[in-house]
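Colleague: I have a structure here, written as structure tokens, and I will follow up with some questions on it.
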Amino acid sequence: MADIILETRELTKEFKGFTAVSKVNLSVKRGSIHALIGPNGAGKTTCFNLLTKFLEPTTGEILFNGIDITRERPAQIARRGVIRSFQISAVFPHLTLLENVRLGLQRQLGTSFHFWKSEKSLHSLDGRARELLAEVGLEDLADETTVNLPYGRKRALEIATTLAMEPELMLLDEPTQGMGHEDVDRVAQLIKKVSQGRTILMVEHNMGVVSTIADTITVLQRGAVLAEGPYAEVSRNPQVMEAYMGTTAGQLQGAH
Amino acid sequence: MKKTTIGYLVLLLALLLAPALGAYPVFVMKLLCFALFASAFNLLLGYTGLLSFGHAAFLGGSAYVAGYAMKVWGLTPEIGLVLGTLAGAFLGWIFGVLAIRRQGIYFAMITLALAQMMFFVALQAKFTGGEDGLQGVPRGKLFGLIDLQNDLTMYYVTLAVVVAAFLLIVRTIHSPFGQVLKGIKENEPRAISLGYDTSRFKLLAFVLSAALAGLAGSLKTLVLGFATLSDVHWTASGQVILMTLVGGLGTLSGPLLGSAVVVLLENKIGELGHAIAGISGIEWFNTLGESVTMVTGLIFVICVLAFRRGIMGEIIALGERLRGRK
Amino acid sequence: MTISLPGLLSQLLLGLVNGSFYAILSLGLAVIFGLLNVINFAHGALFMMGAILTWMGMNYFEINYWVMLAAAPVIVGVFGVLIEKLLLRWIYKLDHLYGLLLTLGLTLLIEGAFRSVYGVSGLGYDAPDLLDGSTNLGFMVLPNYRAWVVAASLVVCFATWFVIEKTKLGAYLRAGTENPRLVEAFGINVPLMVTLTYAFGAALAAFAGVLAAPVIQVSPLMGQNLIIVVFAVVVIGGMGSIMGSILTGLGLGIIEGFTKVFYPEASSTVVFVIMVIVLLIRPAGLFGKER
Amino acid sequence: QEKVKIGFITDMSSLYSDVEGKGGATAIQMAIDDFGGKVLGQPIELMSADHQNKPDIAASKAREWIDTAGVTMVFGGTNSGTALAMAKVAEEKKRVYFNNGAGTSALTNEQCTPYTIHYAYDTVALAKGTGGAVVDQGGKNWFFITADYAFGQALEADTTKIVKEKGGTVLGAVRHPLNASDFSSFLLQAQNSKAQILGLANAGGDTINSIKAAKEFGINKTMKTAGLLVFLSDIHSLGLKNTEGLLHTTSFYWDLNDKTRAWSKKFFDKMKRMPTDVQAADYSATMNYLKAVEAAKTTDADKVMAQLKSVKIDDFYGKGQIRADGSFVHDMYLVQVKSPAESKQPWDYLKVMKVLPGDQVFTTKAETKCALWK
Amino acid sequence: MAAAALEIQGLQAWYGESHVLHGVDLVVQPGEVVTLLGRNGAGRTTTMRAVMGLTGRRTGSLKINGTETMGLPTHRIAHLGVGYCPEERGIFSSLSCEENLMLPPHLKGANAGVGAGMSIDEIYTMFPNLAERRNSQGTRLSGGEQQMLAVARILRTGAKLLLLDEISEGLAPVIVQALARMITTLREKGYTVVMVEQNFHFAAPLADRFYVMEHGRIALQFGASELQAKMPVLNELLGV
Ligand SMILES: Nc1ncnc2c1ncn2[C@@H]1O[C@H](COP(=O)(O)OP(=O)(O)OP(=O)(O)O)[C@@H](O)[C@H]1O
Ligand SMILES: Nc1ncnc2c1ncn2[C@@H]1O[C@H](COP(=O)(O)OP(=O)(O)OP(=O)(O)O)[C@@H](O)[C@H]1O
Ligand SMILES: [Mg+2]
Ligand SMILES: [Mg+2]
């Protein structure tokens with residue numbers, strides 16, 4: 001049996017009588033890129049929110065590396081190595097790129113509460129921060145202020161910062177939303193690249209991206225799992241085609 | 001050396017020489033206390049983005065504790081100051097625990113409410129002397145040796161304490177901790193997702209700010225010899241916001257300047273009015289002394305409408321624009 | 001202290017009177033906060049203006065109470081229009097902080113101006129003849145004027161609530177609260193709506209002022225202490241929630257009334273204690289929505 | 001060379017500005033002018049400032065004026081926090097300090113100093129005056145509405161003491177927070193107690209609002225109201241309709257006799273208001289201070305104080321002497337507010353019920369905690 | 001000849017200090033479907049916002065049905081018959097789904113030739129999700145549902161010039177297809193549509209004409225018939 005990094009058991013979330021996520025059993029294999037797709041309102045974002053404890057599950061369990069994390073707080077889960085990105089871009093706009101990434105690294109030093117220490121003590125992290133920036137192709141912009149960056153670059157920076165946390169599992173919610181074609185490709189490749197040695201769970205409507213990089217796909221519909229498997233298999237499933245892809249999916253989305 | 005460093009050195013020199021140059025030491029000491037108070041407040045608002053509307057509680061609460069320790073228990077001034085600071089920190093911790101998870105205006109309002117409760121305690125408790133205040137706090141001898149009764153000695157002690165506290169603030173802002181605060185101010189959800197328990201960071205910032213405000217309050221009691229209700233009243237919280245705003249939010253030097261402007265105004269506006277009346281011959285200005293609140297109000301309005309960055313903020317922005325041109 | 005049932009009932013009724021003032025004032029604050037995103041510190045000053053204008057009308061021009069009950073809110077409303085057009089207009093995009101500070105400054109100016117003319121100890125006027133006297137309710141003798149205060153404010157509050165929650169105009173207001181530019185892009189004259197909202201909020205404050213004057217002493221500083229309590233009411237009810245502020249206003253008036261019997265020393269602190277407790281349990285206030 | 005400078009620091013803009021405020025400055029200036037504008041061959045100078053009820057401003061202003069401007073006498077107060085703070089400064093710097101506005105008896109009791117003179121009234125005098133006189137007139141059963149802080153509690157305690165001494169009883173008391181705007185609830189409690197006398201142990205706006213609500217609920221029909229600290233300015237603003245019948249004690253009223261009328265008319269011409277007792281005291285205190293300086297031929301505080309305490313004072317304001325503890329012991333008056341029908345002219349508000357001899361109302365030697373008077 | 005539905009000349013626009021549009025020229029005839037393409041940050045959204053008067057300062061000329069709108073306040077512009085669906089969707093959280101839908105008023109004097117806009121039933125048929133969640137609080141809808149609501153909302157008003165910013169964003173492929181059908185229908189009914197799209201494959205078959213923006217200017221303009229010929233240039237400009 002393959003090594004499972006994240007597992008949910010009968011995960012359910014109800015909002016005042018409306019079940020957004022219902023009895024979802026998800027297993028994410030270590031080292032894979034796992035995509036969560038499904039029609040609008042299927043419960044994907046809610047699922048993410050449950051996994052990172054931004055929402056409290058109604059019932060069900062979440063296991064990370066076999067440990068039950070259902071009752072933990074968001075920051076605790078983050079420290080375990082489960083890091084999420086947001087649907088909107090999440091950077092620190094008035095810090096430099098370097099500082100952005102360094103903030104991701106800084107926690108390891110254990111000096112974050114040391115208000116009497118000099119900032120200079122953080123310079124030891126600069127090397128690693130630059131490496132991470134290089135990994136996403138931003139090394140030349142290290143000392144720019146982040147606000148001035150174009151959108152796609154901000155996403156890349158966000159990924160670099162996330163990598164700084166040395167995440168075991170990255171949760172990406174629509175990472176390519178609102179991006180131009182070039183950026184979509186760049187980010188998709190980036191995800192592929194950083195998935196080395198990590199696990200990625202992502203929500204994505206762009207089938208072009210999903211088909212090229214995802215190893216496993218889970219399709220949600222009305223809060224429940226509709227199908228699961230590799231892209232080729234799932235995309236031919238008639239139920240999925242009807243509920244999600246539509247009849248002309250291949251033609252319209254495949255080339256996206 | 002950087003220009004700002006030179007600026008601070010000049011200011012320090014001026015302060016060192018102030019009594020010799022004829023400035024009235026007690027007044028300058030009062031100014032220094034408020035400068036510290038405003039700087040402590042700015043640490044919270046300007047660098048953490050938390051608007052507390054209850055800082056008077058720390059200023060006043062600590063003033064009572066330090067005053068009581070020195071007057072009734074007869075402790076030495078340094079212990080009084082330490083106790084006052086600790087009291088500020090403790091109050092700050094309580095306020096913080098209750099308020100820190102609330103955002104924005106809720107945070108402001110809950111701190112205001114807690115400070116109101118503090119006010120009622122101060123009004124009603126026996127040891128505060130109610131509306132009479134805690135009067136006649138002796139300055140005593142520092143470490144049992146240095147007699148602070150002399151205004152000049154007191155002045156240099158005050159200056160030393162305030163400078164040290166200010167340096168601590170500077171250091172805090174430029175520390176690993178300060179870096180995280182900046183991150184929280186910019187984008188809190190992101191900071192959480194990076195694994196920072198942001199409420200603990202905000203709490204520490206709050207406690208620090210409260211402790212330093214407490215130090216300011218204790219120092220004020222030591223200098224002036226009393227602690228009274230006006231320090232715990234909500235208007236004192238409003239005033240410190242004004243100081244910070246006038247000087248420039250989120251700038252280090254802003255609160256220093258802002259507190260100077262506000263304190264000078266509050267104390268000297270009568271004389272200013274007489275002077276203007278003398279020069280312009282307009283009789284009305286003679287009554288300016290009775291209109292402090294109106295003038296304060298006017299400054300608030302003008303500041304918000306036209307000078308939002310505060311005096312220092314505007315100067316810095318101007319500098320940047322000039323540099324940008326070149 | 002033991003207290004009889006009639007005694008309790010009468011205290012409850014008195015609490016309701018105070019609650020009525022809290023309700024109107026916090027309603028005005030809530031409406032203004034909702035649409036303008038401004039925490040109107042000047043509300044206390046506007047309340048005071050309502051009362052003093054009425055006094056002026058009665059003393060200088062011998063206008064009667066009923067006329068002033070309508071005229072004072074209108075005048076203060078117009079004043080509100082000026083405030084909005086000349087000052088508040090410039091700060092909408094900024095943090096709440098600035099609105100709070102601007103209106104705080106405004107308060108100091110208005111109060112200072114009235115104080116320099118009228119001093120601080122206050123001016124009084126009496127309830128209109130029609131409402132003079134009192135009614136024996138069996139358990140207490142209630143001055144007619146107080147009954148009128150409760151009735152008038154309940155009517156005003158619920159009418160306002162109805163308009164905001166149940167009408168199309170109210171939907172515009174609520175939507176404008178969140179994203180005024182977009183609502184304007186749908187073809188609604190939002191700037192006008194904003195101005196009128198502020199004017200309406202100001203008029204509500206003035207209305208409360210006119211109502212309050214025969215009960216409490218009119219003076220330039222009369223709004224100062226009240227406003228802090230009313231802030232607490234709004235926060236407890238949930239910032240911007242209309243029904244929340246009305247119900248909380250009435251409820252707190254009653255709670256405060258009971259405190260006056262059982263532990264009078266704490267009667268003005270109790271509101272803040274409740275506020276802290278409520279916010280700990282429900283961060284957005286009793287009726288507030290968490291965004 | 002020894003120039004007299006008077007530093008007048010009071011509340012000119014806030015809660016108590018009607019009681020003393022600008023009118024106080026006017027009264028002091030009148031005294032200086034009447035004295036001839038000069039003493040010891042030097043012009044007399046008056047400096048005045050608004051302390052906004054903040055002790056730190058009051059004290060630092062006093063300190064600064066003494067240190068830098070050479071002020072020889074500090075005058076001021078109106079609120080006990082500021083008054084006590086200034087008294088401490090004056091003691092430290094050895095300057096004569098007059099207080100008129102603040103009521104706290106601590107100024108001449110626990111916290112008395114060799115340089116403090118409490119000139120107009122204090123809470124003890126008010127409590128004893130009103131309490132004693134009302135019981136004498138048959139008001140035996142009391143109920144208090146008390147502001148819940150030191151000042152109100154002191155007033156209540158002092159009054160209770162005298163009421164009991166005279167054989168009266170206190171049926172109850174309700175403590176209200178400072179600046180409580182609505183008093184109806186407290187008044188109902190008072191009414192339920194069936195007491196004859198409603199004692200108001202509070203001040204300023206609280207007193208005003210209590211009186212107003214008492215009228216509204218018709219309590220003034222069943223109980224007599226005794227205000228323990230009421231100023232003429234309060235009655236003026238409340239109007240006779242609301243205050244009629246209110247008993248209280250004052251140290252001065254403009255319409256007592258020809259001398260008071262004459263001075264008050266001069267004051268009225270300047271201020272368009274009749275003086276409060278505090279403002280009249282301001283005039284009298286200044287006048288007597290200047291006389292003392294002239295007699296002592298110096299501004300030295302110790303000598304002037306000795307002179308002040310050695311002479312008998314007798315002017316339109318009061319007749320009596322400044323005691324070792326700093327109290328100016330003089331007669332007080334129990335007064336009642338007239339009904340609108342009784343009032344014949346503007347400012348015709350009070351009728352004197354009883355003259356209260358100074359030695360009966362002020363703190364006695366047995367009671368004092370002042371070390372200077374033991 | 002009737003005036004152009006939208007005519008923009010030399011449009012410049014600023015956000016605070018930053019100068020975003022540097023002279024945009026663009027004409028849309030009544031009944032046309034026009035797509036604005038461009039990289040992220042090229043200024044397409046800003047152009048739309050500028051038409052509605054939602055940017056900071058702006059200069060140049062903006063005519064809707066021949067009426068100059070440069071000096072007009074935003075709400076007056078809307079009443080010229082413009083419906084705007086913003087990029088960020090702008091769903092109101094204090095309103096329910098249905099209240100959101102009903103919020104925009106019917107536009108006065110905008111209905112010549114088009115009719116009174118869609119009825120609620122038509123809209124619910126088109127977006128069944130919305131019908132199902134009609135009593136939900138607006139922002140509790142999922143991202144995609146909010147997007148549907150944002151589009152549906154302006155179809156009701158009778159606006160005949162529609163400004164649609166990234167409406168296919170975040171939607172499941174099935175819904176994207178439904179939207180494509182909707183736009184075709186709208187064109188048949190005589191609506192004028194200006195779309196901003198990242199999703200070139202969604203926009204390509206729908207539009208009559210294309211504008212490509214770059215750095216706040218129009219870089220290229222061509223008709224649907226030239227599409228194939230322009231692909232190499234587009235590839236270079238957009239990386240399609
Ligand atoms: N807080 C909430 N209260 C009530 N209903 C909610 C809440 N959050 C989400 N929902 C409902 O739950 C369902 C699932 O929402 P979710 O955001 O998880 O969808 P999604 O799969 O991410 O869709 P999309 O692809 O459109 O983003 C939706 O129908 C939504 O209306
Ligand atoms: N509110 C704003 N304040 C300042 N600058 C802004 C603002 N909104 C957008 N900009 C800047 O204006 C430029 C144009 O933005 P615009 O949103 O019009 O681009 P777009 O072509 O719609 O791109 P996108 O694909 O990102 O939506 C960008 O550089 C952006 O950073
Ligand atoms: Mg989603
Ligand atoms: Mg855009």
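In the structure tokens, chains take the letters A, B, ... in the order shown, each chain's residues start at 1, and ligands count up from 1 in the order shown.
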9 Å from ligand 2 is the threshold here; counting only C-alpha atoms and all ligand atoms, which polymer residues fall inside it? Answer as a PyMOL selection string.
Modeller: (chain A and resi 147-152+178-180) or (chain E and resi 14-21+36-49+55-56+87+165-166+196-198+213-216)
Colleague: If you count only C-alpha atoms and all ligand atoms, which residues end up within 12 Å of ligand 3, as a PyMOL selection string?
Modeller: (chain A and resi 20+36-49+86-88+172-175+177+202-205+220) or (chain E and resi 139-147+169-172)
Colleague: If you count only C-alpha atoms, which residues fall within 12 Å of A:Asn25, apart from same-chain ones fewer than 6 positions away, as a ChimeraX atom specification?
Modeller: /A:6-12,47,60-63,218-220,223-228
Colleague: Per residue of chain A within 8 Å of chain B, what are the shortest atom pair and its distance in Å to one decimal, counting only C-alpha atoms, with rows by chain and residue number, as JSON lines?
Modeller:
```
{"residue": "A:Pro74", "atom": "CA", "partner": "B:Ser193", "partner_atom": "CA", "distance": 7.4}
{"residue": "A:Ala75", "atom": "CA", "partner": "B:Gly195", "partner_atom": "CA", "distance": 4.7}
{"residue": "A:Gln76", "atom": "CA", "partner": "B:Gly195", "partner_atom": "CA", "distance": 6.9}
{"residue": "A:Ile77", "atom": "CA", "partner": "B:Gly195", "partner_atom": "CA", "distance": 7.8}
{"residue": "A:Ala78", "atom": "CA", "partner": "B:Gly195", "partner_atom": "CA", "distance": 4.9}
{"residue": "A:Arg79", "atom": "CA", "partner": "B:Gly195", "partner_atom": "CA", "distance": 5.3}
{"residue": "A:Ile83", "atom": "CA", "partner": "B:Ser193", "partner_atom": "CA", "distance": 6.4}
{"residue": "A:Arg84", "atom": "CA", "partner": "B:Ser193", "partner_atom": "CA", "distance": 6.7}
{"residue": "A:Ala90", "atom": "CA", "partner": "B:Arg190", "partner_atom": "CA", "distance": 5.9}
{"residue": "A:Val91", "atom": "CA", "partner": "B:Arg190", "partner_atom": "CA", "distance": 7.0}
{"residue": "A:Phe92", "atom": "CA", "partner": "B:Glu186", "partner_atom": "CA", "distance": 5.4}
{"residue": "A:Pro93", "atom": "CA", "partner": "B:Glu186", "partner_atom": "CA", "distance": 6.7}
{"residue": "A:His94", "atom": "CA", "partner": "B:Glu186", "partner_atom": "CA", "distance": 7.1}
{"residue": "A:Leu95", "atom": "CA", "partner": "B:Gly183", "partner_atom": "CA", "distance": 7.9}
{"residue": "A:Leu103", "atom": "CA", "partner": "B:Val180", "partner_atom": "CA", "distance": 6.9}
{"residue": "A:Gly104", "atom": "CA", "partner": "B:Leu194", "partner_atom": "CA", "distance": 6.0}
{"residue": "A:Gln106", "atom": "CA", "partner": "B:Pro176", "partner_atom": "CA", "distance": 7.8}
{"residue": "A:Arg107", "atom": "CA", "partner": "B:Tyr196", "partner_atom": "CA", "distance": 7.7}
{"residue": "A:Thr111", "atom": "CA", "partner": "B:Pro176", "partner_atom": "CA", "distance": 6.5}
{"residue": "A:Ser112", "atom": "CA", "partner": "B:Phe177", "partner_atom": "CA", "distance": 4.8}
{"residue": "A:Phe113", "atom": "CA", "partner": "B:Phe177", "partner_atom": "CA", "distance": 5.0}
{"residue": "A:His114", "atom": "CA", "partner": "B:Phe177", "partner_atom": "CA", "distance": 5.6}
{"residue": "A:Phe115", "atom": "CA", "partner": "B:Thr172", "partner_atom": "CA", "distance": 4.6}
{"residue": "A:Trp116", "atom": "CA", "partner": "B:Thr172", "partner_atom": "CA", "distance": 5.8}
{"residue": "A:Lys117", "atom": "CA", "partner": "B:Ser175", "partner_atom": "CA", "distance": 5.4}
{"residue": "A:Ser118", "atom": "CA", "partner": "B:Ser175", "partner_atom": "CA", "distance": 4.8}
{"residue": "A:Glu119", "atom": "CA", "partner": "B:Ser175", "partner_atom": "CA", "distance": 4.3}
{"residue": "A:Lys120", "atom": "CA", "partner": "B:Ser175", "partner_atom": "CA", "distance": 7.9}
{"residue": "A:Ser121", "atom": "CA", "partner": "B:Pro176", "partner_atom": "CA", "distance": 7.6}
{"residue": "A:Leu122", "atom": "CA", "partner": "B:Pro176", "partner_atom": "CA", "distance": 6.8}
{"residue": "A:Thr162", "atom": "CA", "partner": "B:Leu194", "partner_atom": "CA", "distance": 7.2}
{"residue": "A:Met165", "atom": "CA", "partner": "B:Leu194", "partner_atom": "CA", "distance": 6.9}
```
Colleague: Output N, CA and C atoms for every residue in that selection, as an mmCIF file, in the first residue's frame.
Modeller:
```
data_model
loop_
_atom_site.group_PDB
_atom_site.id
_atom_site.type_symbol
_atom_site.label_atom_id
_atom_site.label_comp_id
_atom_site.auth_asym_id
_atom_site.auth_seq_id
_atom_site.Cartn_x
_atom_site.Cartn_y
_atom_site.Cartn_z
ATOM 1 N N PRO A 74 -5.335 26.342 13.460
ATOM 2 C CA PRO A 74 -4.701 26.584 12.163
ATOM 3 C C PRO A 74 -3.182 26.714 12.241
ATOM 4 N N ALA A 75 -2.705 27.483 13.218
ATOM 5 C CA ALA A 75 -1.259 27.697 13.270
ATOM 6 C C ALA A 75 -0.522 26.392 13.585
ATOM 7 N N GLN A 76 -1.135 25.552 14.415
ATOM 8 C CA GLN A 76 -0.513 24.265 14.738
ATOM 9 C C GLN A 76 -0.384 23.412 13.495
ATOM 10 N N ILE A 77 -1.466 23.420 12.714
ATOM 11 C CA ILE A 77 -1.460 22.607 11.508
ATOM 12 C C ILE A 77 -0.401 23.108 10.547
ATOM 13 N N ALA A 78 -0.282 24.442 10.475
ATOM 14 C CA ALA A 78 0.744 25.009 9.610
ATOM 15 C C ALA A 78 2.125 24.542 10.067
ATOM 16 N N ARG A 79 2.315 24.517 11.376
ATOM 17 C CA ARG A 79 3.635 24.115 11.865
ATOM 18 C C ARG A 79 3.921 22.639 11.614
ATOM 19 N N ILE A 83 0.616 23.630 4.506
ATOM 20 C CA ILE A 83 0.561 25.051 4.218
ATOM 21 C C ILE A 83 -0.389 25.274 3.050
ATOM 22 N N ARG A 84 -1.219 26.326 3.170
ATOM 23 C CA ARG A 84 -2.149 26.572 2.073
ATOM 24 C C ARG A 84 -1.859 27.905 1.427
ATOM 25 N N ALA A 90 -1.528 36.188 -1.590
ATOM 26 C CA ALA A 90 -1.192 36.440 -0.211
ATOM 27 C C ALA A 90 0.289 36.741 -0.064
ATOM 28 N N VAL A 91 0.603 38.014 -0.122
ATOM 29 C CA VAL A 91 1.985 38.420 0.104
ATOM 30 C C VAL A 91 1.952 39.558 1.099
ATOM 31 N N PHE A 92 3.127 39.957 1.571
ATOM 32 C CA PHE A 92 3.218 41.130 2.422
ATOM 33 C C PHE A 92 3.632 42.293 1.534
ATOM 34 N N PRO A 93 2.686 43.112 1.117
ATOM 35 C CA PRO A 93 2.943 44.048 0.025
ATOM 36 C C PRO A 93 4.072 45.048 0.266
ATOM 37 N N HIS A 94 4.229 45.520 1.504
ATOM 38 C CA HIS A 94 5.236 46.568 1.683
ATOM 39 C C HIS A 94 6.569 46.056 2.211
ATOM 40 N N LEU A 95 6.753 44.774 2.147
ATOM 41 C CA LEU A 95 8.067 44.230 2.460
ATOM 42 C C LEU A 95 8.753 43.879 1.138
ATOM 43 N N LEU A 103 10.447 35.831 6.133
ATOM 44 C CA LEU A 103 9.419 35.677 7.154
ATOM 45 C C LEU A 103 8.944 34.221 7.228
ATOM 46 N N GLY A 104 9.027 33.550 6.066
ATOM 47 C CA GLY A 104 8.669 32.148 6.064
ATOM 48 C C GLY A 104 9.733 31.300 6.751
ATOM 49 N N GLN A 106 11.931 32.495 9.070
ATOM 50 C CA GLN A 106 12.325 33.015 10.366
ATOM 51 C C GLN A 106 11.882 32.163 11.547
ATOM 52 N N ARG A 107 10.749 31.511 11.400
ATOM 53 C CA ARG A 107 10.206 30.804 12.532
ATOM 54 C C ARG A 107 11.155 29.713 13.042
ATOM 55 N N THR A 111 13.525 32.738 17.269
ATOM 56 C CA THR A 111 13.763 34.025 17.938
ATOM 57 C C THR A 111 12.655 35.019 17.633
ATOM 58 N N SER A 112 11.548 34.517 17.142
ATOM 59 C CA SER A 112 10.530 35.444 16.663
ATOM 60 C C SER A 112 9.950 36.330 17.746
ATOM 61 N N PHE A 113 10.037 35.901 18.996
ATOM 62 C CA PHE A 113 9.523 36.760 20.067
ATOM 63 C C PHE A 113 10.610 37.649 20.668
ATOM 64 N N HIS A 114 11.809 37.539 20.149
ATOM 65 C CA HIS A 114 12.923 38.283 20.754
ATOM 66 C C HIS A 114 12.916 39.727 20.297
ATOM 67 N N PHE A 115 12.243 40.554 21.044
ATOM 68 C CA PHE A 115 12.141 41.940 20.604
ATOM 69 C C PHE A 115 13.401 42.727 20.933
ATOM 70 N N TRP A 116 14.314 42.130 21.685
ATOM 71 C CA TRP A 116 15.530 42.843 22.052
ATOM 72 C C TRP A 116 16.693 42.522 21.119
ATOM 73 N N LYS A 117 16.505 41.556 20.244
ATOM 74 C CA LYS A 117 17.583 41.153 19.335
ATOM 75 C C LYS A 117 17.622 42.052 18.107
ATOM 76 N N SER A 118 18.788 42.185 17.540
ATOM 77 C CA SER A 118 18.886 43.008 16.346
ATOM 78 C C SER A 118 18.357 42.263 15.129
ATOM 79 N N GLU A 119 17.871 43.061 14.212
ATOM 80 C CA GLU A 119 17.408 42.547 12.933
ATOM 81 C C GLU A 119 18.532 41.797 12.206
ATOM 82 N N LYS A 120 19.730 42.243 12.500
ATOM 83 C CA LYS A 120 20.885 41.650 11.790
ATOM 84 C C LYS A 120 20.964 40.146 12.002
ATOM 85 N N SER A 121 20.416 39.696 13.148
ATOM 86 C CA SER A 121 20.474 38.257 13.411
ATOM 87 C C SER A 121 19.708 37.471 12.361
ATOM 88 N N LEU A 122 18.898 38.185 11.572
ATOM 89 C CA LEU A 122 18.141 37.474 10.546
ATOM 90 C C LEU A 122 18.928 37.292 9.256
ATOM 91 N N THR A 162 5.946 29.984 0.680
ATOM 92 C CA THR A 162 5.378 28.748 1.187
ATOM 93 C C THR A 162 6.446 27.660 1.272
ATOM 94 N N MET A 165 8.645 27.351 4.266
ATOM 95 C CA MET A 165 8.136 26.640 5.431
ATOM 96 C C MET A 165 8.468 25.163 5.366
#
```
Colleague: If DSSP is run on the backbone, what residues of stretch 27-63 of chain B are alpha helix (DSSP H)? A reply as number ranges by chain would be ideal.
Modeller: B: 27-48, 56-63
Colleague: Atom CA of E:Ile8 to atom CA of E:Gly60: how many Å, to one decimal?
Modeller: 7.8 Å
Colleague: Please give the complete set of residues from stretch 114-331 of chain D that DSSP, run on the backbone, assigns to strand (DSSP E or B), formatted as a ChimeraX atom specification.
Modeller: /D:116-118,141-147,169-176,197-201,224-227,247-250,312-314,319-322,327-330
Colleague: Env of C:Thr135: 12 Å cut, atoms = only C-alpha atoms, seq-sep filter 4 positions within chain, self excluded. Answer as an MDAnalysis selection string.
Modeller: (chainID C and resid 131 139:148) or (chainID D and resid 217:218)
Colleague: Find the residues of chain B in contact range of chain D, meaning any atom within 6 Å when counting only C-alpha atoms, and list them as a list of chain:residue names.
Modeller: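 The contacting residues on chain B are B:Gln124, B:Gly130, B:Glu131, B:Asp132, B:Gly133, B:Ser230, B:Glu290.
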Colleague: Save out the residues we just selected, N, CA and C atoms, as a CSV table (one decimal), in the first residue's frame.
Modeller:
```csv
chain,number,residue,atom,x,y,z
B,124,GLN,N,-13.1,54.9,42.5
B,124,GLN,CA,-13.8,54.4,43.6
B,124,GLN,C,-12.8,53.8,44.7
B,130,GLY,N,-9.5,58.7,45.1
B,130,GLY,CA,-10.7,59.2,44.3
B,130,GLY,C,-10.4,60.4,43.5
B,131,GLU,N,-11.3,61.4,43.6
B,131,GLU,CA,-11.1,62.6,42.8
B,131,GLU,C,-10.0,63.5,43.3
B,132,ASP,N,-9.6,63.3,44.6
B,132,ASP,CA,-8.4,64.1,45.1
B,132,ASP,C,-7.1,63.6,44.4
B,133,GLY,N,-7.1,62.4,44.1
B,133,GLY,CA,-5.9,61.9,43.5
B,133,GLY,C,-4.9,61.5,44.6
B,230,SER,N,-7.3,62.4,35.9
B,230,SER,CA,-7.2,62.9,34.5
B,230,SER,C,-6.3,62.0,33.7
B,290,GLU,N,-8.9,79.9,27.0
B,290,GLU,CA,-10.0,79.1,27.4
B,290,GLU,C,-10.6,78.2,26.4
```
Colleague: Find the residues of chain D in contact range of chain C, meaning any atom within 6 Å when counting only C-alpha atoms, and list them as a compact mmCIF listing (two decimals) with N, CA, C and O atoms, in the first residue's frame.
Modeller:
```txt
# COMPACT_ATOMS: atom_id res chain seq x y z
N ARG D 175 -25.96 55.06 46.42
CA ARG D 175 -24.73 55.59 45.83
C ARG D 175 -24.84 55.52 44.33
O ARG D 175 -25.05 54.45 43.77
N HIS D 176 -24.66 56.63 43.68
CA HIS D 176 -24.72 56.60 42.22
C HIS D 176 -23.36 56.93 41.64
O HIS D 176 -22.58 57.64 42.26
N PRO D 177 -23.07 56.43 40.45
CA PRO D 177 -21.79 56.74 39.83
C PRO D 177 -21.73 58.21 39.42
O PRO D 177 -22.77 58.84 39.22
N ASN D 209 -29.29 67.34 37.89
CA ASN D 209 -30.18 66.31 37.38
C ASN D 209 -31.01 65.67 38.47
O ASN D 209 -32.16 65.29 38.23
N SER D 237 -29.34 78.21 36.38
CA SER D 237 -29.57 77.44 35.16
C SER D 237 -30.77 76.51 35.28
O SER D 237 -31.43 76.22 34.29
N LEU D 238 -31.08 76.06 36.48
CA LEU D 238 -32.24 75.18 36.63
C LEU D 238 -33.54 75.95 36.62
O LEU D 238 -34.59 75.43 36.22
```
